[in-house]
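What follows is one structure encoded as structure tokens, with my remarks underneath.
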Amino acid sequence: MTMRFDGRVAIVTGAGGGLGRSHALALAARGARVVVNDLGGARDGSGGSSSAADSVVAEIMALGGEAMANAASVTDAAAVQTMVEATMARWGRIDILVNNAGVLRDKTFAKMDLDDFRFVMDVHLMGAVHCTKAVWDIMRDANYGRVVMTTSSSGLYGNFGQSNYGAAKMALVGLMQTLSIEGARNDIRVNCLAPTAHTRMTEDLGARLPLELLEPEMVTPGLLNLVSDDAPSRCILAAGAGGFERAYITLTQGAWIAGQDAPEQVAARFKEISDRSGEIVPEMGAAQGMIELSKAQAVHK
């Protein structure tokens, strides 16, 4: 059965180009009404213009879809709230939020100004917080919502020169983990997408990448799945060049260690602690404490 979004309203941030544009066009092509949000700034977040968002809206309308442009900065909570209010005034609902807006200010940590670290965190993390907070009660009242955070392999696994970007992208995973738990009772499903695509954000790597395989359109099928009626929740979906993988944060079985020589024992048994056989994906953070307590109780029986 073809995946459709008829009657749904979606907000896609950073949708003036690259992945966001691809997501917005695909949602519209399958029936969604789309808010195309884009500040229209440079890759580092400077400047701004509504022309990028307007262009994507024109593309959608030329194909017979419905869309509206918005140039709010996701770092501006009041502007985001105004965007949400305008969406509700026009269409009366918000079903899907794709937190895609992002910037890059790459430098090694030694050379990075704190302002550049803070700004990247503000756009990626607080931008997603602002947008999600603005739609959260709407989705709760409707008992339906689909939210996607755009994470990155740079956050999941690290990348040279991207301490700010990596920290922000991993923070989004933590946000997703808790919101997926809190939203479950109201059928608000929250997921992360970790894309690999050639966009303005990765143009410096162009000579080293097979660009013909890395079109944003190869990632978007994964996004559509994450915002569909039958979407999973609490998933980290990696996607690029037509490949799709799922990333997990796991916990090993570990070992129980106590006593005066505990530091030395942790060092001596680190291989055992790190053994991944029998590792689990905890349902929530409290599972770690419960597992640790169960070890202690087993020893003291």
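Chain lettering (A, B, ...) mirrors the order of the structure tokens, residue numbering begins at 1 for each chain separately, and ligand numbering begins at 1 in order of display.
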
As a ChimeraX atom specification, please: every residue in segment 97-263 of chain A that a backbone DSSP assignment puts in helix (DSSP H, G or I). /A:114-142,153-157,163-186,200-208,211-213,216-218,220-226,262-263

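Nearest to Arg93 of chain A of all the residues A:Val9, A:Ala15, A:Ala52, A:Leu39 is A:Val9, based on only C-alpha atoms.
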
Neighbour list for segment 151-159 of chain A as a PyMOL selection string, cut-off 9 Å, only C-alpha atoms, skip fewer than 6 positions in-chain: chain A and resi 100+124+165-173+192-196+236+238+247

Write the residues of the preceding selection, restricted to C-alpha atoms, as a PDB file, in the first residue's frame.
ATOM      1  CA  ASN A 100      16.045  19.537  10.175  1.00  0.00           C
ATOM      2  CA  HIS A 124      20.481  22.226  16.532  1.00  0.00           C
ATOM      3  CA  TYR A 165      28.075  19.795  16.103  1.00  0.00           C
ATOM      4  CA  GLY A 166      28.626  16.335  17.590  1.00  0.00           C
ATOM      5  CA  ALA A 167      27.573  17.438  21.068  1.00  0.00           C
ATOM      6  CA  ALA A 168      24.394  19.009  19.702  1.00  0.00           C
ATOM      7  CA  LYS A 169      23.535  15.990  17.568  1.00  0.00           C
ATOM      8  CA  MET A 170      24.003  13.535  20.437  1.00  0.00           C
ATOM      9  CA  ALA A 171      21.935  15.781  22.700  1.00  0.00           C
ATOM     10  CA  LEU A 172      19.074  15.373  20.233  1.00  0.00           C
ATOM     11  CA  VAL A 173      19.229  11.617  20.767  1.00  0.00           C
ATOM     12  CA  CYS A 192      15.978  10.382  15.070  1.00  0.00           C
ATOM     13  CA  LEU A 193      17.275  10.385  11.513  1.00  0.00           C
ATOM     14  CA  ALA A 194      21.042  10.217  10.941  1.00  0.00           C
ATOM     15  CA  PRO A 195      21.527  11.127   7.258  1.00  0.00           C
ATOM     16  CA  THR A 196      24.466  10.849   4.907  1.00  0.00           C
ATOM     17  CA  ILE A 236      17.719   6.083  15.455  1.00  0.00           C
ATOM     18  CA  ALA A 238      20.707   5.965   9.677  1.00  0.00           C
ATOM     19  CA  ALA A 247      21.780   2.588  15.571  1.00  0.00           C
TER      20      ALA A 247
END

If we count only C-alpha atoms, what is near segment 140-147 of chain A at a cut-off of 12 Å, once residues fewer than 4 positions away on the same chain are taken out, given as a tab-separated table (two decimals) with N, CA and C atoms, in the first residue's frame?
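Resulting contents of selection15.tsv:
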chain	number	residue	atom	x	y	z
A	5	PHE	N	-0.07	10.83	3.05
A	5	PHE	CA	-0.18	11.79	4.16
A	5	PHE	C	-1.33	12.77	3.92
A	8	ARG	N	-2.80	15.44	6.49
A	8	ARG	CA	-1.78	15.75	7.49
A	8	ARG	C	-1.13	17.10	7.20
A	9	VAL	N	-0.70	17.74	8.27
A	9	VAL	CA	0.03	19.00	8.16
A	9	VAL	C	1.41	18.80	8.77
A	10	ALA	N	2.44	19.17	8.01
A	10	ALA	CA	3.81	18.96	8.44
A	10	ALA	C	4.58	20.28	8.45
A	11	ILE	N	5.40	20.45	9.47
A	11	ILE	CA	6.37	21.55	9.50
A	11	ILE	C	7.75	20.94	9.29
A	12	VAL	N	8.48	21.45	8.32
A	12	VAL	CA	9.85	20.99	8.06
A	12	VAL	C	10.77	22.20	8.20
A	13	THR	N	11.67	22.16	9.16
A	13	THR	CA	12.60	23.28	9.33
A	13	THR	C	13.84	23.08	8.47
A	92	GLY	N	-5.43	24.44	10.92
A	92	GLY	CA	-6.14	23.90	12.08
A	92	GLY	C	-5.54	22.67	12.73
A	93	ARG	N	-4.36	22.27	12.32
A	93	ARG	CA	-3.74	21.08	12.90
A	93	ARG	C	-2.25	21.05	12.57
A	94	ILE	N	-1.49	20.32	13.35
A	94	ILE	CA	-0.09	20.03	13.06
A	94	ILE	C	0.15	18.59	13.47
A	95	ASP	N	0.45	17.76	12.50
A	95	ASP	CA	0.62	16.33	12.74
A	95	ASP	C	2.07	15.88	12.76
A	96	ILE	N	2.91	16.59	12.01
A	96	ILE	CA	4.30	16.16	11.78
A	96	ILE	C	5.24	17.33	11.98
A	97	LEU	N	6.32	17.09	12.69
A	97	LEU	CA	7.39	18.08	12.82
A	97	LEU	C	8.71	17.41	12.46
A	98	VAL	N	9.40	17.98	11.49
A	98	VAL	CA	10.72	17.49	11.11
A	98	VAL	C	11.75	18.56	11.49
A	99	ASN	N	12.49	18.29	12.54
A	99	ASN	CA	13.53	19.21	13.00
A	99	ASN	C	14.79	18.97	12.18
A	100	ASN	N	14.96	19.76	11.13
A	100	ASN	CA	16.04	19.54	10.17
A	100	ASN	C	17.03	20.71	10.12
A	128	ALA	N	15.45	22.63	17.96
A	128	ALA	CA	14.53	21.50	18.01
A	128	ALA	C	13.64	21.57	19.24
A	129	VAL	N	14.19	22.02	20.35
A	129	VAL	CA	13.39	22.17	21.58
A	129	VAL	C	12.29	23.21	21.36
A	131	CYS	N	10.87	24.26	18.59
A	131	CYS	CA	9.84	23.79	17.65
A	131	CYS	C	8.98	22.69	18.26
A	132	THR	N	9.62	21.75	18.94
A	132	THR	CA	8.88	20.64	19.53
A	132	THR	C	7.98	21.12	20.66
A	133	LYS	N	8.50	22.00	21.48
A	133	LYS	CA	7.68	22.55	22.58
A	133	LYS	C	6.46	23.28	22.05
A	134	ALA	N	6.63	24.00	20.93
A	134	ALA	CA	5.54	24.79	20.36
A	134	ALA	C	4.41	23.92	19.82
A	135	VAL	N	4.72	22.69	19.38
A	135	VAL	CA	3.67	21.81	18.83
A	135	VAL	C	3.24	20.72	19.79
A	136	TRP	N	3.94	20.57	20.90
A	136	TRP	CA	3.73	19.42	21.79
A	136	TRP	C	2.30	19.33	22.31
A	172	LEU	N	20.38	15.62	20.83
A	172	LEU	CA	19.07	15.37	20.23
A	172	LEU	C	18.62	13.93	20.43
A	175	LEU	N	17.20	13.85	23.86
A	175	LEU	CA	15.87	14.48	23.84
A	175	LEU	C	14.84	13.51	23.29
A	176	MET	N	15.19	12.84	22.20
A	176	MET	CA	14.28	11.86	21.59
A	176	MET	C	13.95	10.73	22.55
A	177	GLN	N	14.95	10.24	23.27
A	177	GLN	CA	14.73	9.11	24.17
A	177	GLN	C	13.63	9.42	25.20
A	179	LEU	N	11.39	12.12	25.15
A	179	LEU	CA	10.11	12.54	24.56
A	179	LEU	C	9.33	11.35	24.01
A	180	SER	N	10.02	10.33	23.53
A	180	SER	CA	9.31	9.15	23.04
A	180	SER	C	8.59	8.43	24.18
A	182	GLU	N	7.57	10.04	27.07
A	182	GLU	CA	6.51	10.94	27.54
A	182	GLU	C	5.36	11.07	26.55
A	183	GLY	N	5.65	10.92	25.26
A	183	GLY	CA	4.61	11.09	24.25
A	183	GLY	C	3.82	9.85	23.95
A	184	ALA	N	4.25	8.70	24.46
A	184	ALA	CA	3.64	7.42	24.07
A	184	ALA	C	2.15	7.37	24.37
A	185	ARG	N	1.72	7.88	25.51
A	185	ARG	CA	0.31	7.78	25.90
A	185	ARG	C	-0.61	8.56	24.96
A	186	ASN	N	-0.05	9.54	24.24
A	186	ASN	CA	-0.83	10.34	23.30
A	186	ASN	C	-0.47	10.04	21.84
A	187	ASP	N	0.12	8.87	21.61
A	187	ASP	CA	0.52	8.45	20.27
A	187	ASP	C	1.38	9.49	19.57
A	188	ILE	N	2.28	10.10	20.33
A	188	ILE	CA	3.29	10.97	19.75
A	188	ILE	C	4.57	10.14	19.64
A	189	ARG	N	4.95	9.85	18.43
A	189	ARG	CA	6.12	9.00	18.18
A	189	ARG	C	7.30	9.89	17.78
A	190	VAL	N	8.40	9.70	18.48
A	190	VAL	CA	9.56	10.56	18.31
A	190	VAL	C	10.75	9.70	17.91
A	191	ASN	N	11.42	10.10	16.85
A	191	ASN	CA	12.54	9.34	16.31
A	191	ASN	C	13.68	10.26	15.90
A	192	CYS	N	14.82	9.66	15.60
A	192	CYS	CA	15.98	10.38	15.07
A	192	CYS	C	16.34	9.85	13.69
A	193	LEU	N	16.75	10.75	12.82
A	193	LEU	CA	17.28	10.38	11.51
A	193	LEU	C	18.73	10.84	11.45
A	223	LEU	N	12.89	9.09	6.22
A	223	LEU	CA	12.15	10.13	6.94
A	223	LEU	C	10.65	9.89	6.83
A	224	LEU	N	10.18	9.56	5.62
A	224	LEU	CA	8.75	9.33	5.44
A	224	LEU	C	8.26	8.19	6.34
A	225	ASN	N	9.06	7.17	6.48
A	225	ASN	CA	8.68	6.06	7.36
A	225	ASN	C	8.57	6.52	8.82
A	226	LEU	N	9.48	7.40	9.23
A	226	LEU	CA	9.50	7.84	10.62
A	226	LEU	C	8.35	8.77	10.98
A	227	VAL	N	7.67	9.33	9.97
A	227	VAL	CA	6.54	10.23	10.26
A	227	VAL	C	5.21	9.66	9.76
A	228	SER	N	5.20	8.42	9.36
A	228	SER	CA	3.98	7.80	8.85
A	228	SER	C	3.05	7.37	9.99
A	229	ASP	N	1.85	6.99	9.63
A	229	ASP	CA	0.90	6.49	10.64
A	229	ASP	C	1.47	5.29	11.38
A	230	ASP	N	2.18	4.43	10.67
A	230	ASP	CA	2.72	3.20	11.26
A	230	ASP	C	4.18	3.36	11.69
A	231	ALA	N	4.58	4.58	11.96
A	231	ALA	CA	5.98	4.86	12.32
A	231	ALA	C	6.39	4.11	13.59
A	232	PRO	N	7.67	3.77	13.69
A	232	PRO	CA	8.18	3.28	14.97
A	232	PRO	C	8.29	4.45	15.93
A	233	SER	N	8.77	4.22	17.11
A	233	SER	CA	9.11	5.31	18.02
A	233	SER	C	10.40	4.94	18.73
A	234	ARG	N	11.17	5.97	19.09
A	234	ARG	CA	12.44	5.79	19.78
A	234	ARG	C	13.45	5.05	18.91
A	235	CYS	N	13.48	5.41	17.66
A	235	CYS	CA	14.37	4.77	16.70
A	235	CYS	C	15.43	5.77	16.24

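Atom CA of His300 of chain A is found 18.3 Å from atom CA of Asp261 of chain A.
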
Please identify all polymer residues within 10 Å of segment 275-282 of chain A, counting only C-alpha atoms, omitting same-chain residues fewer than 5 positions from it, and present them as a short mmCIF file (atom, residue, chain, number, x, y, z; two decimals) with C-alpha atoms, in the first residue's frame.
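Everything below was put into part_21.cif:
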data_model
loop_
_atom_site.label_atom_id
_atom_site.label_comp_id
_atom_site.auth_asym_id
_atom_site.auth_seq_id
_atom_site.Cartn_x
_atom_site.Cartn_y
_atom_site.Cartn_z
CA TYR A 248 21.34 1.60 19.21
CA ILE A 249 22.68 2.74 22.56
CA THR A 250 23.34 -0.46 24.45
CA LEU A 251 24.37 -1.61 27.91
CA THR A 252 26.67 -4.55 28.62
CA GLN A 253 26.06 -7.07 31.39
CA GLY A 254 29.18 -5.79 33.13
CA ALA A 255 30.43 -7.00 36.50
CA PHE A 270 37.68 -3.89 32.05
CA ALA A 287 17.22 0.21 33.83
CA GLN A 288 20.89 0.90 34.47
CA ILE A 291 20.68 -3.82 36.77
#

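In this model, the gap between atom CA of Gly31 of chain A and atom CA of Arg90 of chain A comes to 16.4 Å.
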
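Relative to atom CA of Leu237 of chain A, atom CA of Leu27 of chain A is found at 18.1 Å.
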